[in-house]
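One structure is given below, encoded as structure tokens.
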Amino acid sequence: MDHTNGRNHSGRRQWNNSRRGQERRGRREAADKEDIENQEAIRTFKMNTPECPMCGKPIVELGSALADKDTGVPVHFDCVLDQLQKTENLAPDQKIVYIGQGRFGIVVFPQPHDSRNFSIQKIIEWEPRDKKFEWRTEIAGLYSQVK
Ligand SMILES: [Zn+2]
């Protein structure tokens, strides 16, 4: 093998790298644009922070909000829980827990220190199940945009 010869054969270096560099720049710009769009979506979203009709404070965590039973507007989860605790006349051993799909349960824990062992004595359907809430659909759409 003649190394000197080999080097001469390849001659000038080929600048394939420059093309790859351009592609990389292109991708970077696309990512920046996406970032800006996400930030704008978040800003618009924050400006539209709804007020909770139960306590009058803004609902920042709309994702964990519940729909008001009558009007369907978002209300704080904690405000709903508070109200239920006042209106449901709980016995000392009863607790209200969220059991999903807009429902709460009045439950009893036979052994206070065993939270896995409980029985549901009453189910409170807080959100009407057949109803779709526009504000919730909007958040879902927003979260799928913002990765
Ligand atoms: Zn509230």
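Convention: chains lettered A, B, ... in structure tokens order; per-chain residue numbering from 1; ligands numbered from 1 as shown.
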
_Report as a list in words all protein, DNA and RNA residues lying within 10 Å of Val73 in chain A, evaluated on only C-alpha atoms, omitting residues in the same chain fewer than 6 positions from it._
Pro50, Glu51, Cys52, Pro53, Ala65, Leu66, Ala67, Phe133, Glu134, Trp135 and Arg136 of chain A

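If one restricts the calculation to only C-alpha atoms and all ligand atoms, the set of residues situated within 10 Å of ligand 1 consists of Glu51, Cys52, Pro53, Met54, Cys55, Gly56, Lys57, Pro58, Ile59, Ala65, Pro74, Val75, His76, Phe77, Asp78, Cys79, Val80 and Asp82 of chain A.
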
*Looking only at helix (DSSP H, G or I) from DSSP on the backbone, list the matching residues of range 30-123 of chain A as a PyMOL selection string.*
chain A and resi 30-47+62-64+77-87
